[in-house]
$ cat data-v1.cif   # mmCIF, C-alpha atoms
data_upload
loop_
_atom_site.label_atom_id
_atom_site.label_comp_id
_atom_site.auth_asym_id
_atom_site.auth_seq_id
_atom_site.Cartn_x
_atom_site.Cartn_y
_atom_site.Cartn_z
CA MET Y 22 217.76 151.53 18.16
CA THR Y 23 217.02 149.35 21.13
CA TYR Y 24 213.51 148.36 22.25
CA LYS Y 25 213.82 150.54 25.37
CA THR Y 26 214.67 153.66 23.37
CA ARG Y 27 211.72 153.08 20.97
CA MET Y 28 209.30 152.69 23.93
CA THR Y 29 210.55 155.87 25.56
CA LYS Y 30 210.01 157.88 22.32
CA SER Y 31 206.50 156.43 21.84
CA VAL Y 32 205.46 157.27 25.43
CA ALA Y 33 206.83 160.81 25.03
CA ALA Y 34 204.82 161.31 21.78
CA ASN Y 35 201.59 160.04 23.39
CA SER Y 36 202.09 162.20 26.46
CA SER Y 37 202.63 165.31 24.29
CA ARG Y 38 199.40 164.59 22.28
CA GLY Y 39 197.44 164.09 25.53
CA GLN Y 40 198.69 167.39 26.93
CA MET Y 41 197.65 169.10 23.69
CA GLN Y 42 194.14 167.66 23.94
CA ILE Y 43 193.83 168.72 27.60
CA GLN Y 44 194.93 172.22 26.60
CA GLN Y 45 192.34 172.29 23.78
CA MET Y 46 189.60 171.23 26.19
CA ALA Y 47 190.70 173.84 28.73
CA PHE Y 48 190.59 176.54 26.05
CA VAL Y 49 187.10 175.49 24.97
CA LEU Y 50 185.90 175.45 28.59
CA VAL Y 51 187.38 178.90 29.23
CA ALA Y 52 185.78 180.24 26.02
CA ILE Y 53 182.38 178.84 27.03
CA MET Y 54 182.71 180.32 30.52
CA ILE Y 55 183.62 183.73 29.06
CA PHE Y 56 180.68 183.53 26.65
CA PHE Y 57 178.20 182.71 29.44
CA ALA Y 58 179.67 185.40 31.67
CA MET Y 59 179.17 187.99 28.91
CA VAL Y 60 175.60 186.86 28.26
CA ALA Y 61 174.85 186.98 31.99
CA LEU Y 62 176.39 190.45 32.26
CA ALA Y 63 174.28 191.74 29.35
CA TYR Y 64 171.14 190.18 30.83
CA PHE Y 65 171.67 191.55 34.34
CA SER Y 66 172.63 195.03 33.11
CA LEU Y 67 169.37 195.16 31.13
CA ARG Y 68 167.36 193.86 34.08
CA ILE Y 69 168.95 196.39 36.46
CA SER Y 70 168.29 199.30 34.10
CA SER Y 71 164.63 198.28 33.75
CA LEU Y 72 164.38 197.93 37.54
CA LYS Y 73 165.82 201.44 37.95
CA GLU Y 74 163.23 202.77 35.50
CA SER Y 75 160.44 201.02 37.40
CA ALA Y 76 161.69 202.41 40.71
CA GLN Y 77 161.86 205.93 39.25
CA SER Y 78 158.34 205.68 37.84
CA LEU Y 79 157.04 204.37 41.20
CA ASN Y 80 158.73 207.27 43.00
CA GLU Y 81 157.16 209.75 40.58
CA ASP Y 82 153.73 208.17 41.05
CA SER Y 83 153.99 208.31 44.83
CA ALA Y 84 155.19 211.94 44.69
CA LYS Y 85 152.20 212.80 42.50
CA GLU Y 86 149.90 210.99 44.89
CA LEU Y 87 151.30 213.01 47.80
CA VAL Y 88 150.71 216.24 45.86
CA ARG Y 89 147.17 215.13 45.11
CA LYS Y 90 146.61 214.45 48.81
CA LEU Y 91 147.01 218.20 49.36
CA ALA Y 92 143.92 218.69 47.20
CA ASP Y 93 141.95 216.50 49.60
CA SER Y 94 142.93 218.50 52.66
CA PRO Y 95 139.89 220.13 54.35
CA GLU Y 96 141.25 223.59 53.54
CA LEU Y 97 141.07 222.99 49.78
CA SER Y 98 138.69 220.09 49.15
CA TRP Y 99 135.33 220.52 47.51
CA LYS Y 100 132.47 219.56 49.88
CA GLY Y 101 134.41 217.27 52.18
CA SER Y 102 135.62 213.89 51.00
CA SER Y 103 132.80 212.92 48.60
CA CYS Y 104 134.89 213.99 45.62
CA ASN Y 105 138.48 212.74 45.56
CA GLY Y 106 140.96 215.15 44.03
CA CYS Y 107 138.44 218.00 43.80
CA ILE Y 108 139.57 221.48 44.80
CA ASP Y 109 137.21 224.25 45.77
CA LEU Y 110 138.57 227.17 43.75
CA ASP Y 111 136.57 229.76 45.72
CA LYS Y 112 138.08 228.46 48.96
CA ALA Y 113 141.58 228.42 47.45
CA LEU Y 114 141.26 232.09 46.46
CA LEU Y 115 140.08 233.02 49.95
CA ILE Y 116 142.96 231.10 51.55
CA LYS Y 117 145.40 232.87 49.26
CA GLN Y 118 144.17 236.22 50.55
CA SER Y 119 144.05 235.21 54.21
CA LYS Y 120 147.13 236.02 56.29
CA ALA Y 121 146.12 233.33 58.80
CA TYR Y 122 147.37 230.72 56.35
CA ASN Y 123 150.88 232.15 56.04
CA GLY Y 124 153.23 229.25 56.82
CA PHE Y 125 150.33 226.80 57.10
CA TRP Y 126 151.46 224.61 54.20
CA LYS Y 127 154.83 223.08 55.01
CA VAL Y 128 156.02 223.33 51.42
CA LYS Y 129 158.27 225.62 49.43
CA TYR Y 130 155.80 226.08 46.61
CA LEU Y 131 152.11 225.36 46.15
CA SER Y 132 149.94 226.50 43.30
CA ILE Y 133 146.83 225.55 41.38
CA GLU Y 134 146.63 225.97 37.62
CA ILE Y 135 143.43 225.94 35.59
CA THR Y 136 144.16 224.01 32.38
CA TYR Y 137 140.63 223.64 31.00
CA PRO Y 138 138.50 225.57 30.21
CA ASN Y 139 141.20 227.85 28.82
CA SER Y 140 141.35 231.22 30.50
CA THR Y 141 143.59 234.28 30.51
CA LYS Y 142 147.08 233.33 31.70
CA VAL Y 143 147.27 235.55 34.75
CA GLU Y 144 147.43 235.11 38.50
CA CYS Y 145 143.98 235.06 40.10
CA THR Y 146 142.88 238.02 42.19
CA PRO Y 147 139.41 238.89 43.51
CA ASN Y 148 139.13 241.36 40.61
CA ASN Y 149 139.80 238.96 37.71
CA TYR Y 150 138.47 235.69 39.20
CA PRO Y 151 137.38 233.36 37.57
CA ASP Y 152 138.90 234.65 34.31
CA CYS Y 153 142.43 233.75 35.40
CA SER Y 154 144.68 230.72 35.32
CA THR Y 155 146.77 230.39 38.49
CA ILE Y 156 146.29 230.59 42.24
CA THR Y 157 149.67 230.59 43.97
CA LEU Y 158 149.22 229.70 47.63
CA VAL Y 159 152.88 229.39 48.67
CA ASN Y 160 155.97 230.77 47.01
CA GLU Y 161 158.58 230.97 49.77
CA ASP Y 162 161.63 230.74 47.61
CA LYS Y 163 162.31 231.49 43.95
CA ASN Y 164 164.47 228.35 43.75
CA TYR Y 165 161.76 225.81 44.34
CA GLY Y 166 163.11 223.50 41.65
CA THR Y 167 160.78 221.44 39.49
CA PRO Y 168 157.54 221.02 41.37
CA GLU Y 169 155.59 217.76 41.25
CA SER Y 170 152.16 218.05 39.70
CA ALA Y 171 148.93 216.08 39.61
CA PHE Y 172 145.66 216.44 37.73
CA VAL Y 173 142.71 217.60 39.85
CA SER Y 174 139.14 218.76 39.37
CA LEU Y 175 138.64 222.45 40.04
CA CYS Y 176 135.09 223.15 41.17
CA ARG Y 177 133.39 226.43 41.95
CA TRP Y 178 129.93 227.88 42.33
CA ASP Y 179 128.81 229.59 39.12
CA SER Y 180 126.02 232.00 39.85
CA SER Y 181 124.83 232.31 36.24
CA ASN Y 182 121.57 230.64 35.11
CA GLY Y 183 120.31 230.38 38.66
CA GLY Y 184 123.56 228.97 40.04
CA TYR Y 185 125.21 225.59 39.64
CA THR Y 186 128.44 223.75 40.41
CA LYS Y 187 130.94 224.04 37.60
CA CYS Y 188 133.97 221.76 37.58
CA GLY Y 189 136.96 222.29 35.33
CA ILE Y 190 140.31 220.56 35.03
CA GLY Y 191 143.60 221.72 36.42
CA LYS Y 192 146.83 220.79 38.06
CA ILE Y 193 148.13 221.21 41.55
CA TYR Y 194 151.88 221.89 41.82
CA SER Y 195 153.96 221.44 44.94
CA SER Y 196 157.62 221.53 45.83
CA PRO Y 197 158.59 220.16 49.25
CA ARG Y 198 160.91 221.90 51.69
CA GLU Y 199 164.34 220.34 52.07
CA ALA Y 200 164.83 218.23 55.21
CA GLN Y 201 166.66 220.19 57.93
CA MET L 9 193.35 159.30 13.50
CA ASN L 10 190.35 159.86 11.18
CA ARG L 11 187.97 158.48 13.85
CA LYS L 12 189.43 160.78 16.49
CA GLY L 13 188.91 163.77 14.18
CA GLN L 14 185.24 162.78 13.72
CA GLN L 15 184.78 162.52 17.49
CA GLU L 16 186.20 166.02 17.97
CA LEU L 17 183.91 167.37 15.26
CA VAL L 18 180.86 165.81 16.94
CA GLY L 19 181.93 167.34 20.25
CA PHE L 20 182.37 170.75 18.65
CA VAL L 21 178.95 170.57 16.96
CA ALA L 22 177.35 169.51 20.29
CA ILE L 23 178.92 172.52 22.04
CA VAL L 24 177.75 174.88 19.27
CA ILE L 25 174.19 173.47 19.49
CA VAL L 26 174.05 173.75 23.30
CA VAL L 27 175.40 177.32 23.24
CA SER L 28 172.94 178.29 20.46
CA ILE L 29 169.98 176.89 22.41
CA ILE L 30 171.00 178.73 25.58
CA GLY L 31 171.56 181.92 23.54
CA LEU L 32 168.10 181.62 21.99
CA VAL L 33 166.49 181.12 25.41
CA VAL L 34 168.29 184.20 26.81
CA ILE L 35 167.37 186.33 23.78
CA GLY L 36 163.76 185.12 24.05
CA LEU L 37 163.65 186.14 27.72
CA LEU L 38 165.14 189.55 26.93
CA VAL L 39 162.73 190.20 24.07
CA ARG L 40 159.76 189.10 26.16
CA SER L 41 160.67 191.44 29.03
CA ASP L 42 161.34 194.38 26.66
CA GLY L 43 158.25 193.76 24.51
CA ASN L 44 155.89 194.85 27.25
CA ASN L 45 156.18 198.60 26.61
CA ASN L 46 152.75 199.56 27.91
CA LYS L 47 152.88 201.15 31.32
CA GLU L 48 150.17 202.09 33.76
CA SER L 49 150.21 205.73 34.76
CA LYS L 50 148.74 207.25 37.89
CA ASP L 51 148.89 210.64 36.18
CA ILE L 52 146.57 209.43 33.42
CA THR L 53 144.21 207.85 35.96
CA ASN L 54 143.97 211.24 37.69
CA PHE L 55 143.47 212.93 34.33
CA LEU L 56 140.64 210.57 33.37
CA GLU L 57 139.00 210.99 36.76
CA SER L 58 139.13 214.78 36.48
CA SER L 59 137.98 214.78 32.84
CA LEU L 60 134.95 212.66 33.61
CA ARG L 61 133.96 215.17 36.29
CA TYR L 62 134.17 218.15 33.93
CA THR L 63 130.91 220.09 33.69
CA SER L 64 129.92 220.40 30.05
CA ASP L 65 127.63 223.03 28.51
CA CYS L 66 124.98 220.44 27.68
CA ALA L 67 121.84 220.35 29.80
CA ILE L 68 119.55 217.40 29.10
CA SER L 69 116.57 218.08 31.36
CA TYR L 70 116.73 221.72 32.50
CA VAL L 71 119.14 224.64 32.76
CA PRO L 72 121.39 224.83 34.82
CA ASP L 73 121.55 221.05 35.28
CA TYR L 74 124.58 220.74 33.02
CA SER L 75 125.89 217.22 32.50
CA GLU L 76 129.28 216.07 33.62
CA VAL L 77 131.30 214.17 31.01
CA SER L 78 130.54 210.89 32.83
CA ASP L 79 126.79 211.63 32.46
CA LEU L 80 127.30 212.61 28.83
CA ILE L 81 128.69 209.13 28.14
CA LYS L 82 125.43 207.60 29.39
CA GLN L 83 123.36 210.18 27.48
CA CYS L 84 125.36 209.47 24.32
CA TYR L 85 124.70 205.74 24.75
CA SER L 86 120.96 206.40 25.02
CA ASN L 87 121.16 208.80 22.03
CA SER L 88 119.88 211.80 24.00
CA GLN L 89 119.94 215.44 22.94
CA CYS L 90 120.83 218.58 24.83
CA LEU L 91 118.12 221.23 25.33
CA ASP L 92 119.81 223.37 22.67
CA GLY L 93 119.34 220.60 20.07
CA ARG L 94 122.90 219.27 19.93
CA LYS L 95 123.41 215.52 20.20
CA ALA L 96 124.98 214.32 23.46
CA CYS L 97 127.56 212.31 21.45
CA GLU L 98 128.65 215.42 19.51
CA VAL L 99 129.12 217.39 22.71
CA LEU L 100 130.96 214.47 24.32
CA ASN L 101 133.28 214.14 21.34
CA LYS L 102 134.10 217.86 21.17
CA THR L 103 134.47 218.31 24.92
CA LEU L 104 136.88 215.39 25.26
CA ALA L 105 138.89 216.49 22.22
CA ASP L 106 139.24 220.01 23.67
CA ILE L 107 140.17 218.68 27.12
CA ILE L 108 142.88 216.44 25.68
CA ASP L 109 144.24 219.20 23.43
CA ALA L 110 144.50 221.56 26.41
CA ASN L 111 146.27 219.03 28.63
CA TRP L 112 148.26 216.75 26.31
CA ALA L 113 149.90 218.83 23.61
CA THR L 114 151.32 216.58 20.89
CA GLY L 115 154.44 217.42 18.92
CA GLY L 116 157.17 217.38 21.57
CA ASN L 117 157.85 214.23 23.54
CA LEU L 118 154.26 213.17 23.13
CA LYS L 119 153.76 211.70 19.67
CA GLY L 120 150.08 210.91 19.94
CA PHE L 121 147.25 209.58 22.03
CA VAL L 122 144.26 207.27 21.86
CA LEU L 123 141.10 207.64 23.90
CA ASN L 124 138.54 204.86 23.87
CA ILE L 125 135.17 204.60 25.53
CA THR L 126 133.73 201.09 25.36
CA ILE L 127 130.50 199.57 26.56
CA THR L 128 131.52 196.86 29.03
CA ASN L 129 128.58 194.49 28.40
CA SER L 130 128.97 194.24 24.64
CA ALA L 131 132.64 195.30 24.39
CA SER L 132 131.57 197.60 21.53
CA GLN L 133 133.07 201.03 21.08
CA LEU L 134 131.07 204.13 21.95
CA LEU L 135 133.72 206.70 21.10
CA GLU L 136 137.30 206.80 19.87
CA LEU L 137 139.58 209.81 19.65
CA HIS L 138 143.12 209.61 18.39
CA LYS L 139 145.81 211.97 17.22
CA GLY L 140 149.36 211.46 15.99
CA GLU L 141 151.24 208.17 15.82
CA CYS L 142 151.06 205.44 18.39
CA THR L 143 153.86 203.06 17.50
CA GLY L 144 156.43 203.45 20.27
CA ASN L 145 156.14 203.28 24.04
CA MET L 146 152.68 203.75 25.45
CA VAL L 147 151.66 205.00 28.87
CA GLY L 148 148.02 204.64 29.73
CA SER L 149 145.28 203.86 32.15
CA ASP L 150 141.67 202.72 32.34
CA TYR L 151 138.84 204.23 34.32
CA LEU L 152 135.66 202.30 34.93
CA LEU L 153 132.20 203.83 35.10
CA PRO L 154 129.07 201.72 35.64
CA GLY L 155 128.61 200.05 32.24
CA PHE L 156 131.49 201.81 30.51
CA LYS L 157 135.26 201.64 30.34
CA THR L 158 137.29 204.72 29.47
CA SER L 159 140.90 204.20 28.48
CA PHE L 160 143.53 206.73 27.52
CA ASP L 161 146.96 205.91 26.11
CA ALA L 162 149.66 208.50 25.52
CA CYS L 163 152.36 207.50 23.02
CA TYR L 164 155.99 208.61 23.34
#
$ encode --input "data-v1.cif" --output "structure tokens"
Amino acid sequence: MTYKTRMTKSVAANSSRGQMQIQQMAFVLVAIMIFFAMVALAYFSLRISSLKESAQSLNEDSAKELVRKLADSPELSWKGSSCNGCIDLDKALLIKQSKAYNGFWKVKYLSIEITYPNSTKVECTPNNYPDCSTITLVNEDKNYGTPESAFVSLCRWDSSNGGYTKCGIGKIYSSPREAQ
Amino acid sequence: MNRKGQQELVGFVAIVIVVSIIGLVVIGLLVRSDGNNNKESKDITNFLESSLRYTSDCAISYVPDYSEVSDLIKQCYSNSQCLDGRKACEVLNKTLADIIDANWATGGNLKGFVLNITITNSASQLLELHKGECTGNMVGSDYLLPGFKTSFDACY
């Protein structure tokens, strides 16, 4: 074997080993990149799902706040604005009976439910009031979906024992009309 | 050849260490963001506000000057009695328990609740009501009265 032939074989062997090492490094780099990409994907998917939850909870809170705003409207509120989220039950019953308020509330459904103190589960009328549980002010459509609700104070004038203001706890429910 | 093998091993160990450290940092971040499972709830704030305005059947000075729950807290702190002889704290305890039972029925999605009334100056507890288990996610809110803090946590 001549010197030239031996050199050529040696160079070929070195070149093959170098290529192998470059390939190994490339594989390791690709594996690391894939690993980081998977970790990043897992992290961002978790972050996005938690962001979606936060957005949903914020939407629910703002919807509840809008419903509660109805309780503070002059037509329903107890003694003006001194008591936030207080409904005058006597006024609500009168409004329910009055035809002048037909179509006044721009909602599909609006009702007030007395949750405490517990009372008979029936719709309020002048005959059974205050021993009743619900005053439905608007019920335009049977398909009003799931109404939003918010806790409110339900106050009324109790004429027993010389007369005093009695406040209970309840919920106001409302379902908005669809945008046209 | 032996030396080259050692170098490759050192490189491999270095990569494993770097990847492990980064993995630990990422897991730490994930756990920290998931660990905060207490949420503020506007619904509970409204509930506390309405509950504190509830007119109880306890009159301290004369009938029909019945105390609201917020007044009962102050009367309980000063160890007052209703005109009918009941202690203000007893009435407060029963009224709040009944209100919560009527509005937050446990057993379904709701696993339990905790209501705390604390005196803000001394941070001591005036009243605590709890029912069920409170180990999972909690949704709650605080409501401040002059001198007192009322907090309610619902557990899901």
$ resolve_selection --input "data-v1.cif" --expression "the PyMOL selection byres ((chain L) within 9 of (chain Y))" --output "MDAnalysis selection string"
chainID L and resid 23 27 31 34:35 38 41:42 49:59 61:64 71:74 76 106:107 110:111
$ residues_near_point --input "data-v1.cif" --point "(123.7, 210.9, 27.3)" --cutoff "10 Å" --atoms "only C-alpha atoms" --output "ChimeraX atom specification"
/L:66-68,75-90,95-97,99-100
$ axis_aligned_box --input "data-v1.cif" --around "region 89-104 of chain Y" --padding-each-side "3 Å" --output "AutoDock Vina command-line options"
--center_x 139.8 --center_y 218.3 --center_z 49.7 --size_x 20.7 --size_y 16.7 --size_z 15.2
$ resolve_selection --input "data-v1.cif" --expression "the PyMOL selection byres ((chain L and resi 47) around 10)" --output "count of residues only"
15
$ residues_around --input "data-v1.cif" --residues "Ser132 (chain L)" --least-positions-apart "5" --cutoff "12 Å" --atoms "only C-alpha atoms" --output "list in words"
Tyr85, Asn124, Ile125, Thr126, Ile127, Gly155, Phe156 and Lys157 of chain L
$ resolve_selection --input "data-v1.cif" --expression "the PyMOL selection byres ((chain L and resi 118) around 7)" --output "CSV table (one decimal) with C-alpha atoms, keeping the file's coordinate frame"
chain,number,residue,atom,x,y,z
L,114,THR,CA,151.3,216.6,20.9
L,115,GLY,CA,154.4,217.4,18.9
L,116,GLY,CA,157.2,217.4,21.6
L,117,ASN,CA,157.8,214.2,23.5
L,119,LYS,CA,153.8,211.7,19.7
L,120,GLY,CA,150.1,210.9,19.9
L,162,ALA,CA,149.7,208.5,25.5
L,163,CYS,CA,152.4,207.5,23.0
L,164,TYR,CA,156.0,208.6,23.3
$ residues_around --input "data-v1.cif" --residues "region 155-160 of chain Y" --least-positions-apart "2" --cutoff "6 Å" --atoms "all atoms listed in the file" --output "ChimeraX atom specification"
/Y:117,130-134,144-145,162
$ atom_distance --input "data-v1.cif" --atom1 "CA of Phe48 (chain Y)" --atom2 "CA of Lys30 (chain Y)"
27.2 Å
$ build_atoms --input "data-v1.cif" --residues "region 83-108 of chain Y" --atoms "N, CA, C and O atoms" --output "JSON list (two decimals), in the frame of the given file"
[["chain", "number", "residue", "atom", "x", "y", "z"],
["Y", 83, "SER", "N", 154.29, 208.06, 43.42],
["Y", 83, "SER", "CA", 153.99, 208.31, 44.83],
["Y", 83, "SER", "C", 154.11, 209.79, 45.15],
["Y", 83, "SER", "O", 153.34, 210.33, 45.96],
["Y", 84, "ALA", "N", 155.06, 210.49, 44.49],
["Y", 84, "ALA", "CA", 155.19, 211.94, 44.69],
["Y", 84, "ALA", "C", 153.93, 212.65, 44.20],
["Y", 84, "ALA", "O", 153.40, 213.56, 44.86],
["Y", 85, "LYS", "N", 153.42, 212.20, 43.05],
["Y", 85, "LYS", "CA", 152.20, 212.80, 42.50],
["Y", 85, "LYS", "C", 151.01, 212.54, 43.42],
["Y", 85, "LYS", "O", 150.14, 213.39, 43.61],
["Y", 86, "GLU", "N", 151.00, 211.35, 43.99],
["Y", 86, "GLU", "CA", 149.90, 210.99, 44.89],
["Y", 86, "GLU", "C", 149.94, 211.87, 46.14],
["Y", 86, "GLU", "O", 148.90, 212.29, 46.63],
["Y", 87, "LEU", "N", 151.17, 212.14, 46.62],
["Y", 87, "LEU", "CA", 151.30, 213.01, 47.80],
["Y", 87, "LEU", "C", 150.81, 214.42, 47.48],
["Y", 87, "LEU", "O", 150.14, 215.06, 48.29],
["Y", 88, "VAL", "N", 151.15, 214.90, 46.27],
["Y", 88, "VAL", "CA", 150.71, 216.24, 45.86],
["Y", 88, "VAL", "C", 149.18, 216.26, 45.79],
["Y", 88, "VAL", "O", 148.53, 217.20, 46.23],
["Y", 89, "ARG", "N", 148.63, 215.18, 45.26],
["Y", 89, "ARG", "CA", 147.17, 215.13, 45.11],
["Y", 89, "ARG", "C", 146.47, 215.07, 46.47],
["Y", 89, "ARG", "O", 145.33, 215.51, 46.60],
["Y", 90, "LYS", "N", 147.18, 214.51, 47.45],
["Y", 90, "LYS", "CA", 146.61, 214.45, 48.81],
["Y", 90, "LYS", "C", 146.35, 215.86, 49.34],
["Y", 90, "LYS", "O", 145.42, 216.06, 50.12],
["Y", 91, "LEU", "N", 147.20, 216.82, 48.91],
["Y", 91, "LEU", "CA", 147.01, 218.20, 49.36],
["Y", 91, "LEU", "C", 145.65, 218.72, 48.90],
["Y", 91, "LEU", "O", 145.01, 219.50, 49.60],
["Y", 92, "ALA", "N", 145.22, 218.25, 47.71],
["Y", 92, "ALA", "CA", 143.92, 218.69, 47.20],
["Y", 92, "ALA", "C", 142.78, 218.19, 48.07],
["Y", 92, "ALA", "O", 141.70, 218.78, 48.11],
["Y", 93, "ASP", "N", 143.01, 217.07, 48.76],
["Y", 93, "ASP", "CA", 141.95, 216.50, 49.60],
["Y", 93, "ASP", "C", 141.99, 217.01, 51.03],
["Y", 93, "ASP", "O", 141.23, 216.54, 51.88],
["Y", 94, "SER", "N", 142.90, 217.95, 51.31],
["Y", 94, "SER", "CA", 142.93, 218.50, 52.66],
["Y", 94, "SER", "C", 141.68, 219.35, 52.87],
["Y", 94, "SER", "O", 141.16, 219.94, 51.91],
["Y", 95, "PRO", "N", 141.15, 219.40, 54.11],
["Y", 95, "PRO", "CA", 139.89, 220.13, 54.35],
["Y", 95, "PRO", "C", 139.94, 221.58, 53.88],
["Y", 95, "PRO", "O", 138.92, 222.15, 53.50],
["Y", 96, "GLU", "N", 141.13, 222.17, 53.91],
["Y", 96, "GLU", "CA", 141.25, 223.59, 53.54],
["Y", 96, "GLU", "C", 140.98, 223.82, 52.06],
["Y", 96, "GLU", "O", 140.58, 224.91, 51.66],
["Y", 97, "LEU", "N", 141.23, 222.80, 51.23],
["Y", 97, "LEU", "CA", 141.07, 222.99, 49.78],
["Y", 97, "LEU", "C", 139.97, 222.15, 49.15],
["Y", 97, "LEU", "O", 139.48, 222.47, 48.07],
["Y", 98, "SER", "N", 139.59, 221.05, 49.82],
["Y", 98, "SER", "CA", 138.69, 220.09, 49.15],
["Y", 98, "SER", "C", 137.28, 220.64, 48.92],
["Y", 98, "SER", "O", 136.79, 221.48, 49.66],
["Y", 99, "TRP", "N", 136.69, 220.12, 47.88],
["Y", 99, "TRP", "CA", 135.33, 220.52, 47.51],
["Y", 99, "TRP", "C", 134.34, 219.65, 48.28],
["Y", 99, "TRP", "O", 134.33, 218.44, 48.13],
["Y", 100, "LYS", "N", 133.53, 220.24, 49.11],
["Y", 100, "LYS", "CA", 132.47, 219.56, 49.88],
["Y", 100, "LYS", "C", 132.96, 218.28, 50.55],
["Y", 100, "LYS", "O", 132.48, 217.18, 50.25],
["Y", 101, "GLY", "N", 133.94, 218.42, 51.40],
["Y", 101, "GLY", "CA", 134.41, 217.27, 52.18],
["Y", 101, "GLY", "C", 135.08, 216.23, 51.32],
["Y", 101, "GLY", "O", 135.79, 216.54, 50.38],
["Y", 102, "SER", "N", 134.86, 214.96, 51.66],
["Y", 102, "SER", "CA", 135.62, 213.89, 51.00],
["Y", 102, "SER", "C", 134.84, 213.15, 49.92],
["Y", 102, "SER", "O", 135.28, 212.13, 49.43],
["Y", 103, "SER", "N", 133.63, 213.66, 49.57],
["Y", 103, "SER", "CA", 132.80, 212.92, 48.60],
["Y", 103, "SER", "C", 133.43, 212.93, 47.21],
["Y", 103, "SER", "O", 133.10, 212.09, 46.38],
["Y", 104, "CYS", "N", 134.29, 213.87, 46.96],
["Y", 104, "CYS", "CA", 134.89, 213.99, 45.62],
["Y", 104, "CYS", "C", 136.41, 213.97, 45.77],
["Y", 104, "CYS", "O", 137.01, 214.95, 46.21],
["Y", 105, "ASN", "N", 137.02, 212.86, 45.42],
["Y", 105, "ASN", "CA", 138.48, 212.74, 45.56],
["Y", 105, "ASN", "C", 139.20, 213.59, 44.51],
["Y", 105, "ASN", "O", 138.84, 213.54, 43.34],
["Y", 106, "GLY", "N", 140.18, 214.34, 44.96],
["Y", 106, "GLY", "CA", 140.96, 215.15, 44.03],
["Y", 106, "GLY", "C", 140.18, 216.33, 43.47],
["Y", 106, "GLY", "O", 140.45, 216.78, 42.36],
["Y", 107, "CYS", "N", 139.21, 216.82, 44.24],
["Y", 107, "CYS", "CA", 138.44, 218.00, 43.80],
["Y", 107, "CYS", "C", 138.80, 219.19, 44.68],
["Y", 107, "CYS", "O", 138.70, 219.11, 45.91],
["Y", 108, "ILE", "N", 139.18, 220.27, 44.05],
["Y", 108, "ILE", "CA", 139.57, 221.48, 44.80],
["Y", 108, "ILE", "C", 138.46, 222.51, 44.67],
["Y", 108, "ILE", "O", 137.89, 222.69, 43.58]]
